[in-house]
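These notes are about the structure you will find just below.
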Amino acid sequence: MSAFRRPAIMGIVNVTPDSFSDGGRAFETAAAVALAERLVSQGATIIDVGGESTRPGAPPVLDAEELARVIPVLQALKDRLPRTVTLSIDTSKPVVAEAALEAGATLLNDVTGLTNPALRAVARTHGARCCVMHMQGTPRTMQDAPVYGDVVAEVTATLAERVAQAVADGLPREQLLVDPGIGFGKTFEHNLALLRGLDALKALGLPVLVGVSRKAFVGKLLGGAPVNQRDAASAQIAALLATRGLVDVIRVHDVAATKAALDVAQALG
Ligand code: HH2
């Protein structure tokens with residue numbers, strides 16, 4: 001029997017000048033809103049709005065600047081998108097999270113894995129769902145020399161600890177998702193091992209979010225493909241993970257290609 005389970009598609013809207021694959025494309029509010037509407041029309045049911053690039057070596061963005069980027073976009077999307085679409089804020093800053101949740105976001109996507117108690121407090125106050133992502137190091141340094149013994153066991157154990165901490169601070173467990181953080185302090189081999197060993201993460205009993213879209217990992221899998229030639233393989237990874245029933249949310253730039261790959265996998269799986 002097929003293990004296929006269809007994940008929700010999370011469409012990426014980077015309101016940044018410097019994101020690794022699409023920086024500058026949706027830097028104006030109107031362009032970001034139009035991109036989000038297009039991604040929803042193509043099949044995204046979650047829109048993830050981010051105002052700070054987390055690419056390796058990215059410089060930090062001031063609170064005020066990040067707020068000015070993401071809040072007008074969320075406010076516009078709350079009025080324009082169907083209520084069935086979940087708005088997600090990709091931030092690690094408590095002030096940005098707070099304003100975003102007030103503006104209509106209901107999912108907090110934190111690449112620092114809710115390690116900041118102030119962020120956990122904001123999430124609890126607003127009853128937000130939270131994505132707890134694994135990262136070794138910080139975006140500035142994470143790709144310098146990531147080291148693990150057993151990467152699958154260590155990432156799973158760290159996420160289990162972060163989840164326990166969040167629950168101890170009053171966040172309901174059923175509001176949490178976990179994410180192995182592909183490319184965040186991991187070599188190519190670490191990323192591959194994590195995707196192959198995703199059942200260990202799934203065994204935590206929480207929904208699993210995976211983001212591989214256009215990442216260097218995909219480029220390397222393809223023998224050095226540039227960033228603008230990674231969408232088909234990114235969609236194929238989504239379909240393979242869905243066929244194994246291991247992913248609940250897939251975070252992507254190219255929603256149309258991902259939906260098509262999932263449709264094919266579902267029909268043939
Ligand atoms: N990857 C990126 C950003 N946020 N959030 C989660 N939960 N999982 C991920 O894998 C993840 C994430 C990096 O991708 P992108 O947003 O395209 O680039 P940038 O950080 O340069 O804006």
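Here, A, B, ... name the chains of the structure tokens in the order displayed, residue numbers run from 1 inside each chain, and ligands are numbered from 1 in the same displayed order.
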- Task: Kindly work out which residues sit at most 8 Å from ligand 1, using only C-alpha atoms and all ligand atoms, and give the list as number ranges by chain.
- Result: A: 12-14, 16, 18-23, 50-56, 58, 90, 109-111, 131-133, 179-184, 209-215, 251-253
Give me, as JSON lines, each residue of range 197-268 of chain A that comes within 10 Å of range 153-170 of chain A, together with its shortest interatomic pair and the distance in Å at one decimal, counting only C-alpha atoms, with rows ordered by chain and rising residue number.
```
{"residue": "A:Gly197", "atom": "CA", "partner": "A:Ala153", "partner_atom": "CA", "distance": 9.1}
{"residue": "A:Leu198", "atom": "CA", "partner": "A:Thr156", "partner_atom": "CA", "distance": 9.2}
{"residue": "A:Ala200", "atom": "CA", "partner": "A:Thr156", "partner_atom": "CA", "distance": 6.9}
{"residue": "A:Leu201", "atom": "CA", "partner": "A:Thr156", "partner_atom": "CA", "distance": 5.5}
{"residue": "A:Lys202", "atom": "CA", "partner": "A:Thr156", "partner_atom": "CA", "distance": 9.1}
{"residue": "A:Ala203", "atom": "CA", "partner": "A:Thr156", "partner_atom": "CA", "distance": 9.1}
{"residue": "A:Leu204", "atom": "CA", "partner": "A:Ala160", "partner_atom": "CA", "distance": 7.1}
{"residue": "A:Leu206", "atom": "CA", "partner": "A:Val163", "partner_atom": "CA", "distance": 9.7}
```
Those same residues, written as a compact mmCIF listing (two decimals), in the first residue's frame with all heavy atoms?
```txt
# COMPACT_ATOMS: atom_id res chain seq x y z
N GLY A 197 16.81 10.15 6.55
CA GLY A 197 16.43 9.67 7.89
C GLY A 197 15.27 10.43 8.49
O GLY A 197 15.11 10.50 9.71
N LEU A 198 14.43 11.00 7.64
CA LEU A 198 13.35 11.86 8.13
C LEU A 198 12.36 11.11 9.02
O LEU A 198 11.66 11.73 9.82
CB LEU A 198 12.62 12.48 6.93
CG LEU A 198 12.06 13.89 7.08
CD1 LEU A 198 13.09 14.87 7.59
CD2 LEU A 198 11.50 14.36 5.75
N ALA A 200 13.00 9.42 11.54
CA ALA A 200 13.38 9.63 12.95
C ALA A 200 12.73 10.89 13.49
O ALA A 200 12.22 10.93 14.61
CB ALA A 200 14.90 9.72 13.08
N LEU A 201 12.73 11.94 12.67
CA LEU A 201 12.12 13.20 13.07
C LEU A 201 10.60 13.04 13.17
O LEU A 201 9.95 13.53 14.09
CB LEU A 201 12.48 14.27 12.05
CG LEU A 201 12.27 15.71 12.44
CD1 LEU A 201 12.95 16.01 13.75
CD2 LEU A 201 12.81 16.63 11.35
N LYS A 202 10.05 12.32 12.21
CA LYS A 202 8.61 12.07 12.18
C LYS A 202 8.16 11.34 13.44
O LYS A 202 7.04 11.53 13.92
CB LYS A 202 8.30 11.22 10.92
CG LYS A 202 6.86 11.11 10.54
CD LYS A 202 6.33 12.40 9.98
CE LYS A 202 4.81 12.42 10.12
NZ LYS A 202 4.24 13.74 10.24
N ALA A 203 9.08 10.53 14.00
CA ALA A 203 8.74 9.75 15.20
C ALA A 203 8.50 10.63 16.43
O ALA A 203 7.98 10.15 17.44
CB ALA A 203 9.83 8.72 15.47
N LEU A 204 8.85 11.91 16.35
CA LEU A 204 8.52 12.82 17.46
C LEU A 204 7.02 13.02 17.56
O LEU A 204 6.51 13.53 18.56
CB LEU A 204 9.21 14.19 17.27
CG LEU A 204 10.73 14.22 17.38
CD1 LEU A 204 11.25 15.65 17.14
CD2 LEU A 204 11.17 13.75 18.77
N LEU A 206 5.10 14.98 15.67
CA LEU A 206 4.64 16.33 15.30
C LEU A 206 4.70 16.48 13.79
O LEU A 206 5.48 15.79 13.12
CB LEU A 206 5.54 17.38 15.95
CG LEU A 206 5.45 17.46 17.47
CD1 LEU A 206 6.55 18.34 18.02
CD2 LEU A 206 4.08 17.99 17.88
```
Taking the backbone alone, and naming residues the way the document does, which bits of range 8-184 of chain A are strand (DSSP E) by DSSP, as JSON, numbers by chain?
{"A": [8, 9, 10, 11, 12, 13, 14, 46, 47, 48, 49, 50, 86, 87, 88, 89, 90, 107, 108, 109, 110, 129, 130, 131, 132, 133, 176, 177, 178, 179]}
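Non-sequential neighbours of Val15 in chain A (distance at most 9 Å, separation of 6 or more positions within a chain, only C-alpha atoms) are Gly23, Gly24, Arg25, Ala26, Phe27, Glu28, Thr29, Ala31, Ala32, Val49, Gly50, Gly51, Glu52, Ser53, Glu66, Arg69, Val70 and Val73 of chain A.
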Quick one: residues within 6 Å of range 83-88 of chain A, only C-alpha atoms counted, chain neighbours fewer than 3 positions away excluded, as a CSV table (one decimal) with N, CA and C atoms, in the first residue's frame?
```csv
chain,number,residue,atom,x,y,z
A,45,THR,N,-1.3,26.9,0.4
A,45,THR,CA,-2.3,27.1,1.4
A,45,THR,C,-1.7,27.8,2.6
A,46,ILE,N,-0.3,28.0,2.6
A,46,ILE,CA,0.4,28.8,3.6
A,46,ILE,C,1.3,29.8,2.9
A,47,ILE,N,1.3,31.0,3.3
A,47,ILE,CA,2.2,32.0,2.8
A,47,ILE,C,3.2,32.4,3.9
A,48,ASP,N,4.5,32.2,3.6
A,48,ASP,CA,5.5,32.5,4.6
A,48,ASP,C,6.2,33.8,4.2
A,105,ALA,N,-0.9,37.2,11.0
A,105,ALA,CA,-0.2,35.9,10.9
A,105,ALA,C,-0.6,35.0,12.0
A,106,THR,N,-0.7,33.7,11.8
A,106,THR,CA,-1.1,32.8,12.9
A,106,THR,C,0.0,31.7,13.1
A,107,LEU,N,1.0,31.7,12.2
A,107,LEU,CA,2.1,30.7,12.3
A,107,LEU,C,3.4,31.5,12.4
A,108,LEU,N,4.2,31.2,13.4
A,108,LEU,CA,5.5,31.8,13.6
A,108,LEU,C,6.6,30.8,13.2
```
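With only C-alpha atoms as the atoms that count, the minimum distance from Lys78 in chain A to the choices A:Leu114, A:Ala265, A:Val95, A:Val33 is reached by A:Val33.
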Ala97 in chain A surroundings by only C-alpha atoms, 9 Å radius, close-in-sequence under 4 positions cut, as JSON, numbers by chain = {"A": [89, 90, 91, 92, 93, 101, 102, 105, 108, 119, 122, 123]}
Store the residues picked out above in a file with C-alpha atoms, as a PDB file, in the first residue's frame.
```pdb
ATOM      1  CA  ILE A  89       5.884  35.101   9.612  1.00  0.00           C
ATOM      2  CA  ASP A  90       9.492  34.023   9.118  1.00  0.00           C
ATOM      3  CA  THR A  91      11.305  35.875  11.887  1.00  0.00           C
ATOM      4  CA  SER A  92      13.406  35.375  14.985  1.00  0.00           C
ATOM      5  CA  LYS A  93      12.721  38.825  16.427  1.00  0.00           C
ATOM      6  CA  LEU A 101       0.750  38.063  14.784  1.00  0.00           C
ATOM      7  CA  GLU A 102      -1.303  41.210  15.470  1.00  0.00           C
ATOM      8  CA  ALA A 105      -0.176  35.899  10.898  1.00  0.00           C
ATOM      9  CA  LEU A 108       5.511  31.783  13.640  1.00  0.00           C
ATOM     10  CA  LEU A 119       9.823  34.712  21.326  1.00  0.00           C
ATOM     11  CA  VAL A 122       5.027  36.188  22.249  1.00  0.00           C
ATOM     12  CA  ALA A 123       3.896  32.929  20.647  1.00  0.00           C
TER      13      ALA A 123
END
```
Item to complete: Pick out the residues sitting within 10 Å of Ala76 in chain A, and hand them over as a list of chain:residue names; count only C-alpha atoms, and ignore anything fewer than 4 positions along from it in its own chain.
Response: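 Neighbouring residues, sequence-local ones excluded: A:Thr29, A:Ala30, A:Ala32, A:Val33, A:Ile71, A:Pro72, A:Arg80, A:Leu81, A:Ala103, A:Gly104.
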Find the residues around Ala3 in chain A up to 10 Å (only C-alpha atoms counted), leave out those fewer than 4 positions away in its own chain, and share them as number ranges by chain.
A: 241-246, 266, 269
